[in-house]
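Asker: Input structure: entry.cif, which contains mmCIF, C-alpha atoms and all ligand atoms.
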```cif
data_input
#
loop_
_atom_site.group_PDB
_atom_site.id
_atom_site.type_symbol
_atom_site.label_atom_id
_atom_site.label_comp_id
_atom_site.auth_asym_id
_atom_site.auth_seq_id
_atom_site.Cartn_x
_atom_site.Cartn_y
_atom_site.Cartn_z
ATOM 1 C CA MET A 1 198.562 129.909 168.593
ATOM 2 C CA PRO A 2 202.026 129.113 167.285
ATOM 3 C CA GLU A 3 201.943 127.447 163.889
ATOM 4 C CA GLY A 4 204.632 125.687 161.927
ATOM 5 C CA ASP A 5 206.091 128.947 160.675
ATOM 6 C CA THR A 6 206.436 130.295 164.219
ATOM 7 C CA LEU A 7 208.144 127.111 165.333
ATOM 8 C CA ALA A 8 210.486 127.192 162.339
ATOM 9 C CA ARG A 9 211.454 130.771 163.205
ATOM 10 C CA THR A 10 212.025 129.729 166.785
ATOM 11 C CA ALA A 11 214.303 126.875 165.691
ATOM 12 C CA ASP A 12 216.197 129.183 163.319
ATOM 13 C CA GLY A 13 216.610 131.732 166.103
ATOM 14 C CA LEU A 14 217.819 129.271 168.735
ATOM 15 C CA ARG A 15 220.068 127.147 166.542
ATOM 16 C CA PRO A 16 223.075 129.488 166.238
ATOM 17 C CA HIS A 17 223.141 129.983 170.008
ATOM 18 C CA LEU A 18 222.746 126.370 171.038
ATOM 19 C CA VAL A 19 224.081 123.935 168.466
ATOM 20 C CA GLY A 20 227.594 122.735 169.188
ATOM 21 C CA ARG A 21 227.537 124.038 172.752
ATOM 22 C CA ARG A 22 227.576 122.111 176.001
ATOM 23 C CA VAL A 23 224.678 122.216 178.392
ATOM 24 C CA LEU A 24 225.899 123.775 181.637
ATOM 25 C CA ASN A 25 222.636 123.644 183.483
ATOM 26 C CA ALA A 26 219.141 122.367 182.766
ATOM 27 C CA ARG A 27 215.948 122.649 184.731
ATOM 28 C CA ALA A 28 212.380 121.679 184.017
ATOM 29 C CA ARG A 29 209.123 121.980 185.839
ATOM 30 C CA GLY A 30 207.201 118.760 186.061
ATOM 31 C CA GLY A 31 208.519 115.326 185.334
ATOM 32 C CA ALA A 32 211.075 115.717 182.554
ATOM 33 C CA GLN A 33 214.511 114.717 183.881
ATOM 34 C CA VAL A 34 216.404 117.356 181.940
ATOM 35 C CA GLY A 35 219.266 117.248 184.432
ATOM 36 C CA ARG A 36 220.451 114.316 182.310
ATOM 37 C CA LEU A 37 221.328 116.805 179.581
ATOM 38 C CA VAL A 38 224.019 118.562 181.608
ATOM 39 C CA GLY A 39 227.417 117.930 180.054
ATOM 40 C CA SER A 40 226.040 116.863 176.694
ATOM 41 C CA ARG A 41 226.291 118.961 173.539
ATOM 42 C CA VAL A 42 223.340 120.326 171.581
ATOM 43 C CA ASP A 43 223.463 118.616 168.195
ATOM 44 C CA GLU A 44 220.273 119.797 166.502
ATOM 45 C CA VAL A 45 217.384 122.199 166.964
ATOM 46 C CA GLU A 46 214.494 121.817 164.594
ATOM 47 C CA SER A 47 210.771 122.147 164.272
ATOM 48 C CA ALA A 48 208.436 119.375 163.222
ATOM 49 C CA GLY A 49 204.953 120.701 162.698
ATOM 50 C CA LYS A 50 204.217 122.489 165.937
ATOM 51 C CA ASN A 51 206.861 120.605 167.928
ATOM 52 C CA LEU A 52 210.251 121.993 168.765
ATOM 53 C CA LEU A 53 212.838 119.212 168.908
ATOM 54 C CA MET A 54 216.332 119.412 170.367
ATOM 55 C CA ARG A 55 218.748 116.520 170.015
ATOM 56 C CA PHE A 56 221.772 116.067 172.226
ATOM 57 C CA SER A 57 225.115 114.294 171.913
ATOM 58 C CA ASN A 58 224.208 111.777 174.623
ATOM 59 C CA GLY A 59 221.369 110.418 172.497
ATOM 60 C CA LEU A 60 218.558 112.205 174.279
ATOM 61 C CA GLU A 61 215.924 114.330 172.618
ATOM 62 C CA LEU A 62 213.823 117.094 174.143
ATOM 63 C CA ARG A 63 210.397 117.752 172.710
ATOM 64 C CA THR A 64 208.286 120.777 173.562
ATOM 65 C CA HIS A 65 204.881 121.392 172.043
ATOM 66 C CA MET A 66 203.635 124.944 172.260
ATOM 67 C CA ARG A 67 199.878 124.385 171.998
ATOM 68 C CA MET A 68 198.192 127.753 172.492
ATOM 69 C CA HIS A 69 200.576 129.863 174.534
ATOM 70 C CA GLY A 70 204.007 128.276 174.703
ATOM 71 C CA SER A 71 207.144 129.966 173.398
ATOM 72 C CA TRP A 72 210.911 129.749 173.559
ATOM 73 C CA HIS A 73 213.052 132.773 174.369
ATOM 74 C CA ARG A 74 216.793 133.174 174.125
ATOM 75 C CA TYR A 75 218.667 135.389 176.570
ATOM 76 C CA ARG A 76 222.216 136.322 177.329
ATOM 77 C CA PRO A 77 223.434 135.023 180.699
ATOM 78 C CA GLY A 78 222.143 137.349 183.403
ATOM 79 C CA GLU A 79 219.711 139.129 181.086
ATOM 80 C CA ARG A 80 216.299 139.883 182.551
ATOM 81 C CA TRP A 81 213.569 137.570 181.257
ATOM 82 C CA ARG A 82 210.514 139.046 179.609
ATOM 83 C CA ARG A 83 208.180 136.634 181.346
ATOM 84 C CA PRO A 84 207.900 135.604 185.002
ATOM 85 C CA VAL A 85 210.247 132.864 186.147
ATOM 86 C CA ALA A 86 207.233 130.965 187.438
ATOM 87 C CA ARG A 87 206.066 130.438 183.862
ATOM 88 C CA ALA A 88 209.321 128.838 182.722
ATOM 89 C CA VAL A 89 208.864 125.138 182.064
ATOM 90 C CA VAL A 90 212.362 124.421 180.704
ATOM 91 C CA THR A 91 215.606 126.338 181.141
ATOM 92 C CA LEU A 92 218.753 125.327 179.287
ATOM 93 C CA GLU A 93 222.016 127.123 179.905
ATOM 94 C CA VAL A 94 224.892 126.793 177.479
ATOM 95 C CA GLU A 95 228.022 128.875 177.071
ATOM 96 C CA GLY A 96 226.876 132.384 176.216
ATOM 97 C CA ALA A 97 223.141 131.772 176.129
ATOM 98 C CA VAL A 98 220.124 130.756 178.146
ATOM 99 C CA ALA A 99 217.146 129.244 176.344
ATOM 100 C CA VAL A 100 213.887 129.362 178.246
ATOM 101 C CA CYS A 101 210.621 127.736 177.302
ATOM 102 C CA PHE A 102 207.560 129.399 178.805
ATOM 103 C CA ASP A 103 204.071 128.001 179.200
ATOM 104 C CA ALA A 104 204.462 124.942 176.971
ATOM 105 C CA PRO A 105 202.150 122.212 178.219
ATOM 106 C CA VAL A 106 204.204 119.385 176.706
ATOM 107 C CA VAL A 107 207.814 118.822 177.761
ATOM 108 C CA GLU A 108 209.305 115.404 177.169
ATOM 109 C CA LEU A 109 212.738 113.915 177.265
ATOM 110 C CA PHE A 110 213.259 110.617 175.481
ATOM 111 C CA ASP A 111 215.807 108.525 173.658
ATOM 112 C CA ALA A 112 216.185 109.979 170.160
ATOM 113 C CA HIS A 113 215.980 106.468 168.703
ATOM 114 C CA ALA A 114 212.403 106.363 169.944
ATOM 115 C CA GLU A 115 211.409 109.276 167.727
ATOM 116 C CA ALA A 116 210.331 106.914 164.964
ATOM 117 C CA ILE A 117 207.771 105.320 167.242
ATOM 118 C CA HIS A 118 206.835 108.412 169.239
ATOM 119 C CA PRO A 119 203.038 108.677 169.052
ATOM 120 C CA ALA A 120 203.041 112.441 168.503
ATOM 121 C CA LEU A 121 205.922 112.479 166.006
ATOM 122 C CA ALA A 122 205.790 109.259 164.053
ATOM 123 C CA GLY A 123 202.222 109.967 162.977
ATOM 124 C CA LEU A 124 202.919 113.470 161.705
ATOM 125 C CA GLY A 125 202.144 114.111 158.082
ATOM 126 C CA PRO A 126 204.709 115.704 155.750
ATOM 127 C CA ASP A 127 206.034 118.926 157.280
ATOM 128 C CA LEU A 128 205.138 121.922 155.121
ATOM 129 C CA LEU A 129 208.319 123.670 156.205
ATOM 130 C CA ALA A 130 210.672 120.791 155.520
ATOM 131 C CA PRO A 131 212.982 121.304 152.526
ATOM 132 C CA ALA A 132 212.016 117.858 151.273
ATOM 133 C CA PHE A 133 208.286 118.366 151.728
ATOM 134 C CA ASP A 134 206.405 115.588 149.960
ATOM 135 C CA GLN A 135 203.281 117.161 148.485
ATOM 136 C CA ASP A 136 202.034 113.936 146.918
ATOM 137 C CA GLU A 137 202.192 112.203 150.265
ATOM 138 C CA ALA A 138 200.336 115.087 151.938
ATOM 139 C CA ILE A 139 197.579 114.848 149.338
ATOM 140 C CA ARG A 140 197.479 111.082 149.630
ATOM 141 C CA ARG A 141 196.949 111.487 153.379
ATOM 142 C CA LEU A 142 194.276 114.138 152.920
ATOM 143 C CA ARG A 143 192.573 111.702 150.554
ATOM 144 C CA ASP A 144 192.625 108.942 153.168
ATOM 145 C CA PRO A 145 189.120 107.391 153.132
ATOM 146 C CA ALA A 146 188.899 108.083 156.860
ATOM 147 C CA ARG A 147 188.847 111.782 156.004
ATOM 148 C CA ALA A 148 186.416 111.607 153.078
ATOM 149 C CA THR A 149 183.546 113.210 154.939
ATOM 150 C CA THR A 150 185.683 115.497 157.066
ATOM 151 C CA THR A 151 185.355 119.128 156.042
ATOM 152 C CA ILE A 152 188.391 120.562 154.301
ATOM 153 C CA GLY A 153 188.425 123.213 157.044
ATOM 154 C CA GLU A 154 189.083 120.514 159.629
ATOM 155 C CA ALA A 155 191.322 118.312 157.473
ATOM 156 C CA LEU A 156 193.847 121.117 156.957
ATOM 157 C CA LEU A 157 194.384 121.257 160.721
ATOM 158 C CA ASP A 158 194.948 117.517 160.996
ATOM 159 C CA GLN A 159 198.666 117.226 161.671
ATOM 160 C CA ARG A 160 198.578 113.559 160.688
ATOM 161 C CA ALA A 161 197.707 114.603 157.145
ATOM 162 C CA LEU A 162 200.158 117.461 156.846
ATOM 163 C CA ALA A 163 202.083 119.159 159.619
ATOM 164 C CA GLY A 164 202.458 122.848 160.262
ATOM 165 C CA ILE A 165 199.121 124.515 159.585
ATOM 166 C CA GLY A 166 197.343 126.111 162.511
ATOM 167 C CA ASN A 167 194.142 128.050 162.652
ATOM 168 C CA VAL A 168 195.511 131.271 161.163
ATOM 169 C CA TRP A 169 196.794 129.696 157.960
ATOM 170 C CA ARG A 170 193.851 127.334 157.698
ATOM 171 C CA CYS A 171 191.527 130.350 157.474
ATOM 172 C CA GLU A 172 193.812 132.343 155.193
ATOM 173 C CA VAL A 173 194.596 129.580 152.736
ATOM 174 C CA LEU A 174 190.956 128.587 152.288
ATOM 175 C CA PHE A 175 190.131 132.226 151.602
ATOM 176 C CA LEU A 176 193.033 132.745 149.211
ATOM 177 C CA GLU A 177 192.005 129.712 147.187
ATOM 178 C CA ARG A 178 188.299 130.586 147.453
ATOM 179 C CA VAL A 179 187.371 127.252 148.940
ATOM 180 C CA ASP A 180 184.256 126.606 151.015
ATOM 181 C CA PRO A 181 185.647 125.398 154.374
ATOM 182 C CA PHE A 182 182.598 123.202 154.962
ATOM 183 C CA ARG A 183 183.044 121.148 151.815
ATOM 184 C CA PRO A 184 183.902 117.505 152.577
ATOM 185 C CA VAL A 185 187.368 116.504 151.415
ATOM 186 C CA ARG A 186 185.914 114.000 148.936
ATOM 187 C CA ASP A 187 184.203 116.895 147.104
ATOM 188 C CA VAL A 188 187.401 118.912 146.756
ATOM 189 C CA ASP A 189 189.044 118.113 143.432
ATOM 190 C CA ASP A 190 192.730 117.238 143.105
ATOM 191 C CA ALA A 191 193.688 120.540 141.537
ATOM 192 C CA THR A 192 192.098 122.507 144.364
ATOM 193 C CA LEU A 193 193.659 120.272 147.000
ATOM 194 C CA GLY A 194 197.039 120.765 145.356
ATOM 195 C CA ARG A 195 196.570 124.537 145.325
ATOM 196 C CA LEU A 196 195.589 124.590 148.991
ATOM 197 C CA VAL A 197 198.670 122.628 149.961
ATOM 198 C CA SER A 198 201.103 124.596 147.834
ATOM 199 C CA THR A 199 199.653 127.936 148.936
ATOM 200 C CA ALA A 200 199.892 126.838 152.564
ATOM 201 C CA ARG A 201 203.517 125.851 152.043
ATOM 202 C CA ARG A 202 204.385 129.102 150.289
ATOM 203 C CA ARG A 203 202.751 131.212 153.011
ATOM 204 C CA LEU A 204 204.347 129.277 155.844
ATOM 205 C CA LEU A 205 207.780 129.454 154.237
ATOM 206 C CA ALA A 206 207.435 133.176 153.647
ATOM 207 C CA SER A 207 206.249 133.726 157.203
ATOM 208 C CA ALA A 208 209.111 131.643 158.563
ATOM 209 C CA GLY A 209 211.553 133.755 156.576
ATOM 210 C CA ARG A 210 212.681 130.676 154.684
ATOM 211 C CA SER A 211 211.859 132.052 151.256
ATOM 212 C CA VAL A 212 214.391 134.810 151.674
ATOM 213 C CA GLY A 213 217.460 132.742 152.242
ATOM 214 C CA GLY A 214 216.514 131.253 155.592
ATOM 215 C CA ALA A 215 218.014 134.130 157.541
ATOM 216 C CA PRO A 216 217.439 133.566 161.224
ATOM 217 C CA THR A 217 215.015 135.898 162.936
ATOM 218 C CA PRO A 218 215.019 136.756 166.625
ATOM 219 C CA VAL A 219 213.351 134.390 169.013
ATOM 220 C CA GLY A 220 210.802 135.747 171.412
ATOM 221 C CA GLY A 221 208.875 138.828 170.523
ATOM 222 C CA ALA A 222 209.278 137.533 167.018
ATOM 223 C CA ARG A 223 206.823 139.098 164.660
ATOM 224 C CA SER A 224 203.610 137.227 164.755
ATOM 225 C CA THR A 225 202.096 135.214 162.004
ATOM 226 C CA THR A 226 199.405 137.815 161.807
ATOM 227 C CA GLY A 227 200.858 140.642 159.794
ATOM 228 C CA ARG A 228 198.073 141.724 157.495
ATOM 229 C CA LEU A 229 195.583 138.935 157.207
ATOM 230 C CA TRP A 230 192.610 138.538 154.929
ATOM 231 C CA VAL A 231 190.131 136.840 157.203
ATOM 232 C CA TYR A 232 191.644 135.429 160.402
ATOM 233 C CA SER A 233 190.221 137.184 163.495
ATOM 234 C CA ARG A 234 188.314 139.630 161.265
ATOM 235 C CA ALA A 235 184.783 138.197 161.683
ATOM 236 C CA GLY A 236 182.123 140.868 161.466
ATOM 237 C CA ARG A 237 184.332 143.142 159.403
ATOM 238 C CA PRO A 238 184.152 143.581 155.624
ATOM 239 C CA CYS A 239 186.094 141.264 153.333
ATOM 240 C CA ARG A 240 189.196 143.040 152.060
ATOM 241 C CA ARG A 241 188.445 141.684 148.608
ATOM 242 C CA CYS A 242 184.689 142.072 148.141
ATOM 243 C CA GLY A 243 183.293 143.943 151.121
ATOM 244 C CA THR A 244 181.006 141.153 152.315
ATOM 245 C CA ILE A 245 180.862 140.841 156.076
ATOM 246 C CA LEU A 246 183.098 137.978 157.205
ATOM 247 C CA ARG A 247 181.582 135.258 159.314
ATOM 248 C CA SER A 248 182.944 132.844 161.876
ATOM 249 C CA MET A 249 182.027 129.777 163.872
ATOM 250 C CA ARG A 250 183.769 127.084 165.843
ATOM 251 C CA LEU A 251 184.560 124.094 163.698
ATOM 252 C CA GLY A 252 186.040 120.774 164.729
ATOM 253 C CA ARG A 253 185.050 117.930 166.982
ATOM 254 C CA GLU A 254 188.227 117.383 168.958
ATOM 255 C CA GLN A 255 189.496 120.918 169.329
ATOM 256 C CA PRO A 256 186.936 123.360 167.978
ATOM 257 C CA ARG A 257 188.736 126.386 166.587
ATOM 258 C CA LEU A 258 187.243 129.607 165.373
ATOM 259 C CA LEU A 259 187.007 129.485 161.607
ATOM 260 C CA THR A 260 186.516 132.750 159.740
ATOM 261 C CA TRP A 261 185.486 132.989 156.098
ATOM 262 C CA CYS A 262 183.987 135.217 153.425
ATOM 263 C CA PRO A 263 180.614 133.812 152.316
ATOM 264 C CA ALA A 264 180.881 135.467 148.903
ATOM 265 C CA CYS A 265 184.521 134.804 147.982
ATOM 266 C CA GLN A 266 184.390 131.241 149.264
ATOM 267 C CA GLY A 267 180.986 130.397 147.877
ATOM 268 C CA VAL A 268 179.541 129.265 151.176
ATOM 269 C CA GLY A 269 175.832 128.654 150.661
ATOM 270 C CA THR A 270 173.106 129.615 153.043
ATOM 271 C CA GLN A 271 172.132 126.030 153.816
ATOM 272 C CA GLU A 272 172.323 124.886 157.416
ATOM 273 C CA GLY A 273 172.039 128.438 158.554
ATOM 274 C CA ARG A 274 175.673 129.245 158.030
ATOM 275 C CA GLY A 275 177.100 131.766 155.716
ATOM 276 C CA THR A 276 174.035 133.954 155.521
ATOM 277 C CA VAL A 277 175.358 136.530 153.163
ATOM 278 C CA GLY A 278 175.681 139.906 154.775
ATOM 279 C CA MET A 279 175.730 143.200 152.921
ATOM 280 C CA ALA A 280 177.574 142.520 149.707
ATOM 281 C CA ALA A 281 179.122 145.910 149.271
ATOM 282 C CA GLY A 282 180.586 146.420 145.882
ATOM 283 C CA ALA A 283 182.923 144.284 143.864
ATOM 284 C CA GLY A 284 186.539 144.399 144.856
ATOM 285 C CA SER A 285 189.426 143.406 142.706
ATOM 286 C CA GLY A 286 190.820 139.949 143.094
HETATM 287 ZN ZN ZN A 301 185.001 138.346 149.993
#
```
How does this structure look as structure tokens?
Ligand SMILES: [Zn+2]
Answerer:
Amino acid sequence: MPEGDTLARTADGLRPHLVGRRVLNARARGGAQVGRLVGSRVDEVESAGKNLLMRFSNGLELRTHMRMHGSWHRYRPGERWRRPVARAVVTLEVEGAVAVCFDAPVVELFDAHAEAIHPALAGLGPDLLAPAFDQDEAIRRLRDPARATTTIGEALLDQRALAGIGNVWRCEVLFLERVDPFRPVRDVDDATLGRLVSTARRRLLASAGRSVGGAPTPVGGARSTTGRLWVYSRAGRPCRRCGTILRSMRLGREQPRLLTWCPACQGVGTQEGRGTVGMAAGAGSG
């Protein structure tokens, strides 16, 4: 699942090859009329949460959303693609480069002026990867009364509160800050909420390579978000910190995602049958 950091790396990797260049050819599967981009210049490539946005000199904007399996690759003209042509949903050719989007379920072309009222973009919370990230606004949105009884584990994935966190960083950040994922947002104090948000931002920036000068990294086959992780996808294995067996369950009403946590480090009680503490094997260092 691409998260904000993956999308930021993708934008950084595509930008030098696309921005300022004319579109020579454009194809899309499905309804998007990307042929309208031919002859225009690529003005901007950027990520917004888990969206990749490209803006063009003729006023059009292309949005792709990667969901679970989408990705953008960049090739030299004539270079062999690493995925089957049949899986390409958008192909953009400019001088010296071909950008191909594979498997993205959302491809849209619209007037860039409409971005402010675009249902999927206008409602996005502050972007954790944006240089001008507004932490107060993110916390204000997390504190929205509509989310009071939502678990913090679900709220962190709500892109309308803050944009960029996916399942990997949701699990990791809750572990790092020792927060019970099942706690309702209203029971999470301000200091803890602030720590969750700033840790998420720091991790995403580091993963996107932004904390080291924003050097672009290759697109496609880019290193995954999952270098060495504390809890994500490690259910059933011992906590790297305390040795307790990590647990997991699907959490979320709209899109249930597999949450993984350490019952001991995150203080998850045994009520409601979750977080039954497995073999607590020795005390690790923090
Ligand atoms: Zn632990």
Asker: Which chains and residue numbers are within 7 Å of ligand ZN 301 (chain A), counting only C-alpha atoms and all ligand atoms, if I want them as a list of chain:residue names?
Answerer: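 My answer, listing the contacting residues, is A:Cys239, A:Arg240, A:Arg241, A:Cys242, A:Gly243, A:Thr244, A:Cys262, A:Pro263, A:Ala264, A:Cys265.
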Asker: Name the residues captured by the PyMOL selection byres (((chain A and resi 102) around 6) and not hetatm) when it is applied to the shown file; answer as an mmCIF file with C-alpha atoms, in the frame of the given file.
Answerer:
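selection_31.cif, freshly written:
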```
data_model
loop_
_atom_site.group_PDB
_atom_site.id
_atom_site.type_symbol
_atom_site.label_atom_id
_atom_site.label_comp_id
_atom_site.auth_asym_id
_atom_site.auth_seq_id
_atom_site.Cartn_x
_atom_site.Cartn_y
_atom_site.Cartn_z
ATOM 1 C CA GLY A 70 204.007 128.276 174.703
ATOM 2 C CA SER A 71 207.144 129.966 173.398
ATOM 3 C CA ARG A 87 206.066 130.438 183.862
ATOM 4 C CA ALA A 88 209.321 128.838 182.722
ATOM 5 C CA VAL A 89 208.864 125.138 182.064
ATOM 6 C CA CYS A 101 210.621 127.736 177.302
ATOM 7 C CA ASP A 103 204.071 128.001 179.200
ATOM 8 C CA ALA A 104 204.462 124.942 176.971
#
```
Asker: Identify, on the basis of all atoms listed in the file, every residue whose closest approach to range 200-203 of chain A does not exceed 10 Å; exclude the query and any residue fewer than 5 positions from it along the same chain; express the result as an NGL selection string.
Answerer: :A and (4-5 or 127-130 or 133 or 135 or 156 or 164-165 or 169-170 or 172-174 or 176-177 or 194-195 or 208-211 or 225)
Asker: Going by the chain IDs and residue numbers used in this file, which residues fall under the PyMOL selection byres (((chain A and resi 33-47) around 7) and not hetatm)? Write them as an MDAnalysis selection string.
Answerer: chainID A and resid 7:8 11 15 18:28 31:32 48:58 109
Asker: Just checking: using all atoms listed in the file, which residue out of A:Pro105, A:Gly30, A:Gly123, A:Pro256 ends up closest to Ala163 in chain A?
Answerer: A:Gly123
Asker: Skipping near chain neighbours, those fewer than 4 positions away, what residues fall within 7 Å of Asp111 in chain A using all atoms listed in the file, listed as a list in words?
Answerer: Gly59, Leu60 and Glu61 of chain A
Asker: Closest to Ala138 in chain A among A:Pro126, A:Gly166, A:Pro84, A:Gly78, using only C-alpha atoms?
Answerer: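 When distances to Ala138 in chain A are compared using only C-alpha atoms, the smallest one comes from A:Pro126.
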Asker: For a quick check of understanding, using all atoms listed in the file, which of A:Arg178, A:Arg147, A:Arg9, A:Arg253 has the smallest distance to Leu196 in chain A?
Answerer: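 Of the candidates, the smallest distance to Leu196 in chain A is held by A:Arg178.
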Asker: For Asn167 in chain A, which of A:Thr91, A:Thr10, A:Thr151, A:Thr260 is the closest residue, counting only C-alpha atoms?
Answerer: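 With only C-alpha atoms as the atom set, the closest residue is A:Thr260.
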Asker: What's around Ala146 in chain A at 12 Å? Count all atoms listed in the file, leave out sequence neighbours fewer than 4 positions away in its own chain, and write the answer as a list in words.
Answerer: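 The contact residues come out as Arg140, Arg141, Leu142, Thr150, Thr151, Ala155, Asp158, Arg160, Ala161, Pro184, Val185 and Arg186 of chain A.
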Asker: Rounded to one decimal, what separation in Å do you get between CA of Val231 in chain A and CA of Ala148 in chain A?
Answerer: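 Result for CA of Val231 in chain A versus CA of Ala148 in chain A: 25.8 Å, one decimal.
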Asker: For a test of reading the model, state the distance in Å between CA of Thr64 in chain A and CA of Val85 in chain A, rounded to one decimal.
Answerer: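 CA of Val85 in chain A lies 17.6 Å from CA of Thr64 in chain A.
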Asker: Find the spatial neighbours of Arg228 in chain A, counting only C-alpha atoms, within a cut-off of 12 Å - ignore same-chain residues fewer than 5 positions away - and output them as a list of chain:residue names.
Answerer: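 With the cut-off at 12 Å, the set is A:Val168, A:Glu172, A:Ser207, A:Arg223, A:Ser233, A:Arg234, A:Arg240.
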Asker: What separation in Å, quoted to one decimal, exists between CA of His65 in chain A and CA of Phe175 in chain A?
Answerer: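 CA of His65 in chain A sits 27.4 Å away from CA of Phe175 in chain A.
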Asker: When distances are computed from only C-alpha atoms, which of A:Leu14, A:Pro181, A:Ala116, A:Glu95 shows the smallest separation from His73 in chain A?
Answerer: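 Closest residue, counting only C-alpha atoms: A:Leu14.
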Asker: Pick from A:Ala132, A:Leu259, A:Val94, A:Val106: nearest to Ala120 in chain A, with only C-alpha atoms counted?
Answerer: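 Selected residue with least distance to Ala120 in chain A: A:Val106.
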Asker: Find the smallest box with edges along x, y and z containing every listed atom of range 93-110 of chain A, then add 6 Å on each side and report centre and edge lengths in Å to one decimal, as lines of an AutoDock Vina configuration file.
Answerer:
```
center_x = 215.1
center_y = 121.5
center_z = 177.7
size_x = 37.9
size_y = 33.8
size_z = 16.4
```
